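Just my_file30.cif here, mmCIF, C-alpha atoms:
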```cif
data_start
loop_
_atom_site.group_PDB
_atom_site.id
_atom_site.type_symbol
_atom_site.label_atom_id
_atom_site.label_comp_id
_atom_site.auth_asym_id
_atom_site.auth_seq_id
_atom_site.Cartn_x
_atom_site.Cartn_y
_atom_site.Cartn_z
ATOM 1 C CA GLY R 5 -2.894 2.301 -2.124
ATOM 2 C CA TYR R 6 0.276 4.216 -3.036
ATOM 3 C CA THR R 7 3.539 3.703 -1.158
ATOM 4 C CA PHE R 8 5.866 6.698 -1.013
ATOM 5 C CA THR R 9 9.463 6.599 0.204
ATOM 6 C CA THR R 10 11.892 9.140 1.603
ATOM 7 C CA THR R 11 15.570 9.177 2.462
ATOM 8 C CA GLY R 12 15.174 12.200 4.703
ATOM 9 C CA SER R 13 13.837 12.610 8.197
ATOM 10 C CA GLY R 14 13.026 15.421 10.566
ATOM 11 C CA ALA R 15 10.616 18.309 10.468
ATOM 12 C CA SER R 16 10.623 18.379 6.659
ATOM 13 C CA ALA R 17 11.263 15.657 4.076
ATOM 14 C CA ASP R 18 10.667 14.999 0.386
ATOM 15 C CA PHE R 19 8.694 11.890 -0.570
ATOM 16 C CA GLU R 20 8.904 10.026 -3.865
ATOM 17 C CA TYR R 21 6.599 7.606 -5.644
ATOM 18 C CA ASP R 22 7.753 5.288 -8.405
ATOM 19 C CA GLY R 23 4.849 5.714 -10.820
ATOM 20 C CA GLU R 24 2.036 8.113 -11.527
ATOM 21 C CA PHE R 25 0.059 9.585 -8.672
ATOM 22 C CA SER R 26 -3.142 11.457 -9.261
ATOM 23 C CA GLY R 27 -5.668 12.819 -6.858
ATOM 24 C CA GLU R 28 -6.790 16.209 -5.713
ATOM 25 C CA LYS R 29 -7.576 15.062 -2.182
ATOM 26 C CA PHE R 30 -5.842 12.261 -0.352
ATOM 27 C CA MET R 31 -4.929 10.867 3.040
ATOM 28 C CA ALA R 32 -1.474 9.664 3.998
ATOM 29 C CA VAL R 33 -0.541 7.269 6.814
ATOM 30 C CA TYR R 34 2.790 6.488 8.455
ATOM 31 C CA PRO R 35 4.031 3.796 8.553
ATOM 32 C CA ALA R 36 3.031 2.591 5.098
ATOM 33 C CA GLY R 37 0.545 -0.251 5.020
ATOM 34 C CA GLU R 38 -2.740 -1.446 3.619
ATOM 35 C CA TYR R 39 -5.295 0.980 5.032
ATOM 36 C CA THR R 40 -8.846 1.928 4.119
ATOM 37 C CA ALA R 41 -9.584 5.647 3.954
ATOM 38 C CA ASP R 42 -12.712 7.740 3.496
ATOM 39 C CA VAL R 43 -11.117 10.892 2.121
ATOM 40 C CA GLU R 44 -14.327 12.948 2.059
ATOM 41 C CA ASN R 45 -14.938 12.301 5.764
ATOM 42 C CA LYS R 46 -11.212 12.527 6.624
ATOM 43 C CA THR R 47 -11.109 9.102 8.279
ATOM 44 C CA VAL R 48 -8.762 6.164 7.910
ATOM 45 C CA ASN R 49 -8.622 2.670 9.376
ATOM 46 C CA ALA R 50 -5.030 2.240 10.544
ATOM 47 C CA TYR R 51 -3.070 0.116 13.011
ATOM 48 C CA ILE R 52 -0.924 0.411 16.171
ATOM 49 C CA PRO R 53 0.953 -2.854 16.847
ATOM 50 C CA THR R 54 0.328 -4.712 20.089
ATOM 51 C CA TYR R 55 3.871 -6.158 20.130
ATOM 52 C CA GLN R 56 6.610 -3.519 19.990
ATOM 53 C CA GLY R 57 10.364 -3.946 20.072
ATOM 54 C CA ALA R 58 11.996 -1.650 22.642
ATOM 55 C CA ARG R 59 14.334 1.229 21.795
ATOM 56 C CA VAL R 60 16.439 2.847 24.542
ATOM 57 C CA GLY R 61 15.337 6.472 24.935
ATOM 58 C CA SER R 62 12.798 6.178 22.139
ATOM 59 C CA TYR R 63 10.096 3.940 20.713
ATOM 60 C CA ASN R 64 9.762 1.559 17.805
ATOM 61 C CA GLU R 65 9.370 3.621 14.637
ATOM 62 C CA ASN R 66 6.942 1.054 13.198
ATOM 63 C CA ALA R 67 4.631 1.619 16.177
ATOM 64 C CA ALA R 68 4.261 5.339 15.470
ATOM 65 C CA LEU R 69 0.951 6.170 13.820
ATOM 66 C CA ALA R 70 0.708 9.472 11.985
ATOM 67 C CA VAL R 71 -2.028 10.607 9.597
ATOM 68 C CA ALA R 72 -2.339 13.476 7.120
ATOM 69 C CA TYR R 73 -4.959 14.906 4.773
ATOM 70 C CA SER R 74 -4.031 17.055 1.801
ATOM 71 C CA GLU R 75 -5.555 18.764 -1.212
ATOM 72 C CA ASN R 76 -2.170 19.576 -2.820
ATOM 73 C CA ASP R 77 1.402 18.238 -2.839
ATOM 74 C CA GLN R 78 2.110 19.301 0.765
ATOM 75 C CA VAL R 79 1.512 16.843 3.614
ATOM 76 C CA ALA R 80 1.610 17.634 7.345
ATOM 77 C CA PHE R 81 1.450 14.456 9.432
ATOM 78 C CA LYS R 82 -0.234 14.537 12.847
ATOM 79 C CA ASN R 83 0.531 11.939 15.494
ATOM 80 C CA ALA R 84 -2.403 9.615 16.133
ATOM 81 C CA HIS R 85 -0.727 7.906 19.080
ATOM 82 C CA SER R 86 0.371 8.696 22.613
ATOM 83 C CA LEU R 87 3.425 7.454 24.465
ATOM 84 C CA ILE R 88 3.810 5.592 27.733
ATOM 85 C CA LYS R 89 7.220 6.430 29.199
ATOM 86 C CA PHE R 90 8.868 3.998 31.598
ATOM 87 C CA THR R 91 12.289 3.459 33.145
ATOM 88 C CA ILE R 92 13.648 0.032 34.004
ATOM 89 C CA LYS R 93 15.150 -0.089 37.508
ATOM 90 C CA SER R 94 16.051 -3.785 37.521
ATOM 91 C CA SER R 95 18.001 -6.295 35.496
ATOM 92 C CA GLY R 96 16.539 -9.513 34.150
ATOM 93 C CA ILE R 97 13.286 -8.106 32.665
ATOM 94 C CA LYS R 98 12.754 -9.049 29.021
ATOM 95 C CA ALA R 99 9.222 -7.729 28.401
ATOM 96 C CA ILE R 100 6.602 -5.454 29.942
ATOM 97 C CA GLU R 101 2.850 -5.464 29.333
ATOM 98 C CA PHE R 102 0.629 -2.432 29.979
ATOM 99 C CA TYR R 103 -3.155 -2.469 29.944
ATOM 100 C CA GLY R 104 -5.984 -0.295 31.142
ATOM 101 C CA ASN R 105 -8.126 -1.765 33.906
ATOM 102 C CA ASN R 106 -11.282 -0.781 31.990
ATOM 103 C CA ASN R 107 -10.334 -2.609 28.741
ATOM 104 C CA GLU R 108 -9.398 0.578 26.889
ATOM 105 C CA ALA R 109 -8.488 -0.076 23.233
ATOM 106 C CA ILE R 110 -4.877 1.095 22.977
ATOM 107 C CA THR R 111 -3.462 -1.032 20.134
ATOM 108 C CA GLY R 112 -4.707 -2.881 17.066
ATOM 109 C CA ASN R 113 -7.111 -1.547 14.468
ATOM 110 C CA MET R 114 -7.927 2.136 14.926
ATOM 111 C CA LEU R 115 -10.332 4.475 13.183
ATOM 112 C CA VAL R 116 -8.586 7.854 12.994
ATOM 113 C CA SER R 117 -10.779 10.899 12.295
ATOM 114 C CA LEU R 118 -9.458 14.358 11.468
ATOM 115 C CA ASN R 119 -11.004 17.760 12.136
ATOM 116 C CA ASP R 120 -11.591 20.306 9.380
ATOM 117 C CA ASP R 121 -8.209 21.886 10.237
ATOM 118 C CA TYR R 122 -6.621 18.411 9.730
ATOM 119 C CA THR R 123 -5.748 17.887 13.397
ATOM 120 C CA VAL R 124 -6.621 14.543 14.973
ATOM 121 C CA LYS R 125 -10.231 14.502 16.174
ATOM 122 C CA SER R 126 -10.332 10.944 17.530
ATOM 123 C CA VAL R 127 -8.560 7.591 17.544
ATOM 124 C CA VAL R 128 -11.007 4.788 18.316
ATOM 125 C CA GLY R 129 -10.253 1.077 18.595
ATOM 126 C CA GLN R 130 -12.150 -1.076 16.114
ATOM 127 C CA ASP R 131 -13.290 -4.685 16.363
ATOM 128 C CA THR R 132 -11.623 -7.138 14.032
ATOM 129 C CA VAL R 133 -12.923 -7.540 10.524
ATOM 130 C CA PHE R 134 -11.958 -10.846 8.958
ATOM 131 C CA GLU R 135 -11.418 -10.927 5.208
ATOM 132 C CA GLU R 136 -11.534 -14.008 3.032
ATOM 133 C CA GLY R 137 -8.009 -15.271 2.419
ATOM 134 C CA LYS R 138 -6.455 -13.059 5.120
ATOM 135 C CA GLU R 139 -7.013 -15.263 8.174
ATOM 136 C CA ASN R 140 -3.306 -15.137 9.055
ATOM 137 C CA GLU R 141 -3.233 -11.327 9.011
ATOM 138 C CA TRP R 142 -5.424 -10.957 12.093
ATOM 139 C CA THR R 143 -5.376 -7.622 13.773
ATOM 140 C CA GLY R 144 -7.977 -6.480 16.193
ATOM 141 C CA LYS R 145 -8.865 -4.154 18.999
ATOM 142 C CA GLY R 146 -6.025 -4.505 21.481
ATOM 143 C CA THR R 147 -6.579 -3.708 25.129
ATOM 144 C CA TRP R 148 -2.877 -4.056 25.990
ATOM 145 C CA VAL R 149 0.615 -3.474 24.616
ATOM 146 C CA LYS R 150 3.698 -5.660 25.065
ATOM 147 C CA ILE R 151 7.146 -4.077 24.848
ATOM 148 C CA TYR R 152 9.918 -6.631 24.465
ATOM 149 C CA SER R 153 13.667 -6.222 24.590
ATOM 150 C CA GLU R 154 15.675 -6.767 21.424
ATOM 151 C CA ASP R 155 18.986 -6.377 23.268
ATOM 152 C CA GLU R 156 20.912 -9.584 22.542
ATOM 153 C CA ARG R 157 24.103 -8.313 24.209
ATOM 154 C CA ASN R 158 22.121 -7.832 27.431
ATOM 155 C CA GLY R 159 20.712 -11.376 27.419
ATOM 156 C CA TRP R 160 17.523 -10.210 25.639
ATOM 157 C CA CYS R 161 16.663 -8.093 28.693
ATOM 158 C CA PHE R 162 16.036 -4.388 29.108
ATOM 159 C CA GLU R 163 18.972 -2.217 30.091
ATOM 160 C CA ASP R 164 18.973 -1.410 33.814
ATOM 161 C CA GLY R 165 18.371 2.322 34.373
ATOM 162 C CA ALA R 166 17.293 2.977 30.758
ATOM 163 C CA THR R 167 14.123 4.783 29.692
ATOM 164 C CA TYR R 168 11.789 3.359 27.035
ATOM 165 C CA TYR R 169 8.469 4.286 25.428
ATOM 166 C CA ALA R 170 5.412 2.396 24.190
ATOM 167 C CA ALA R 171 3.209 3.824 21.424
ATOM 168 C CA VAL R 172 -0.511 3.491 22.196
ATOM 169 C CA ALA R 173 -3.779 5.082 21.170
ATOM 170 C CA PRO R 174 -4.768 8.072 23.312
ATOM 171 C CA ALA R 175 -6.927 6.818 26.184
ATOM 172 C CA ASP R 176 -8.414 7.929 29.475
ATOM 173 C CA PHE R 177 -7.504 5.148 31.886
ATOM 174 C CA THR R 178 -10.613 5.618 34.012
ATOM 175 C CA LYS R 179 -9.812 2.682 36.314
ATOM 176 C CA GLY R 180 -6.032 2.957 36.228
ATOM 177 C CA VAL R 181 -3.331 0.899 34.542
ATOM 178 C CA SER R 182 -1.826 -2.492 35.313
ATOM 179 C CA ILE R 183 1.661 -3.692 34.451
ATOM 180 C CA ASN R 184 3.050 -7.194 34.014
ATOM 181 C CA TYR R 185 6.780 -7.912 34.021
ATOM 182 C CA ILE R 186 8.148 -10.907 32.123
ATOM 183 C CA LEU R 187 11.508 -12.016 33.501
ATOM 184 C CA ALA R 188 14.372 -13.620 31.585
ATOM 185 C CA ASP R 189 13.161 -17.091 32.647
ATOM 186 C CA ASP R 190 9.624 -16.305 31.336
ATOM 187 C CA THR R 191 8.185 -15.864 34.834
ATOM 188 C CA LYS R 192 5.337 -13.355 34.696
ATOM 189 C CA ILE R 193 4.883 -10.939 37.609
ATOM 190 C CA ASP R 194 1.547 -9.091 37.788
#
```
What's the structure tokens form of this structure?
Amino acid sequence: GYTFTTTGSGASADFEYDGEFSGEKFMAVYPAGEYTADVENKTVNAYIPTYQGARVGSYNENAALAVAYSENDQVAFKNAHSLIKFTIKSSGIKAIEFYGNNNEAITGNMLVSLNDDYTVKSVVGQDTVFEEGKENEWTGKGTWVKIYSEDERNGWCFEDGATYYAAVAPADFTKGVSINYILADDTKID
């Protein structure tokens, strides 16, 4: 339960913690949040959001899930998510939903396991666990992802011709993928 901050970005960055940090072995998760880790088994319960604001040419930084294990003061994060890349070829679309036709868990609570060399071994969707007093903080196993436009200047619609990404858990879509389009007037097209 420590939250570190950085002002840097890129391949290398320095993190700071306002307080005392002790621990020979630890796991780190980006983005910061309340996660449960089993350091000895190199596993952590983390989260990929089902609702993600769109970014032209990129993806929502709060949807990225990266995990690290360390036994010293050096941390090497590994991505625990995949990306769905899509290009909008129409105006008037304000949201897009993707889901696997075999109910693959691609968002929500995820159990991330690391190999002995600290690479990602697996990312598995977990059923919801309700905690007393946290009923309004529901997160669960999501079988879909919704990317919505945050572009006010474009009438809250995606930019025509622009490319976007959705962060999801790695999955084999054994029965394919389906897409829903939500138009500016809230009409849903399957």
Note to self: On this structure, the PyMOL selection byres ((chain R and resi 173) around 8) would catch which residues? List them as a PyMOL selection string, sorted by chain and number.
What the structure shows: chain R and resi 52+84-86+109-111+127-128+171-172+174-175
Query raised in the report: If you count all atoms listed in the file, which residues fall within 12 Å of R:Glu65, apart from same-chain ones fewer than 4 positions away, as a list in words?
Result: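 Those residues are Ser13, Tyr34, Pro35, Ala36, Ile52, Pro53, Gln56, Gly57, Ala58, Arg59, Leu69, Ala70, His85, Tyr169, Ala170 and Ala171 of chain R.
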Counting only C-alpha atoms, what is within 9 Å of R:Thr10, bar same-chain residues fewer than 5 positions away, as a PDB file with C-alpha atoms, in the coordinates of the input?
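As written to disk, around21.pdb reads:
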```
ATOM      1  CA  ALA R  17      11.263  15.657   4.076  1.00  0.00           C
ATOM      2  CA  ASP R  18      10.667  14.999   0.386  1.00  0.00           C
ATOM      3  CA  PHE R  19       8.694  11.890  -0.570  1.00  0.00           C
ATOM      4  CA  GLU R  20       8.904  10.026  -3.865  1.00  0.00           C
TER       5      GLU R  20
END
```
Suppose a student applies the PyMOL selection byres ((chain R and resi 125) around 12) to this structure; what residues should they get, written as a list in words? Asn45, Lys46, Thr47, Val48, Val71, Lys82, Asn83, Ala84, His85, Leu115, Val116, Ser117, Leu118, Asn119, Asp120, Asp121, Tyr122, Thr123, Val124, Ser126, Val127, Val128 and Pro174 of chain R
| request: Run the PyMOL selection byres ((chain R and resi 7) around 8) mentally over the shown coordinates, then write out the matched residues as an NGL selection string, using the chain letters and numbers from the document. | output: :R and (5-6 or 8-9 or 21 or 36-37)
Taken to one decimal, the atom CA of R:Ser182-atom CA of R:Ser153 distance is 19.2 Å
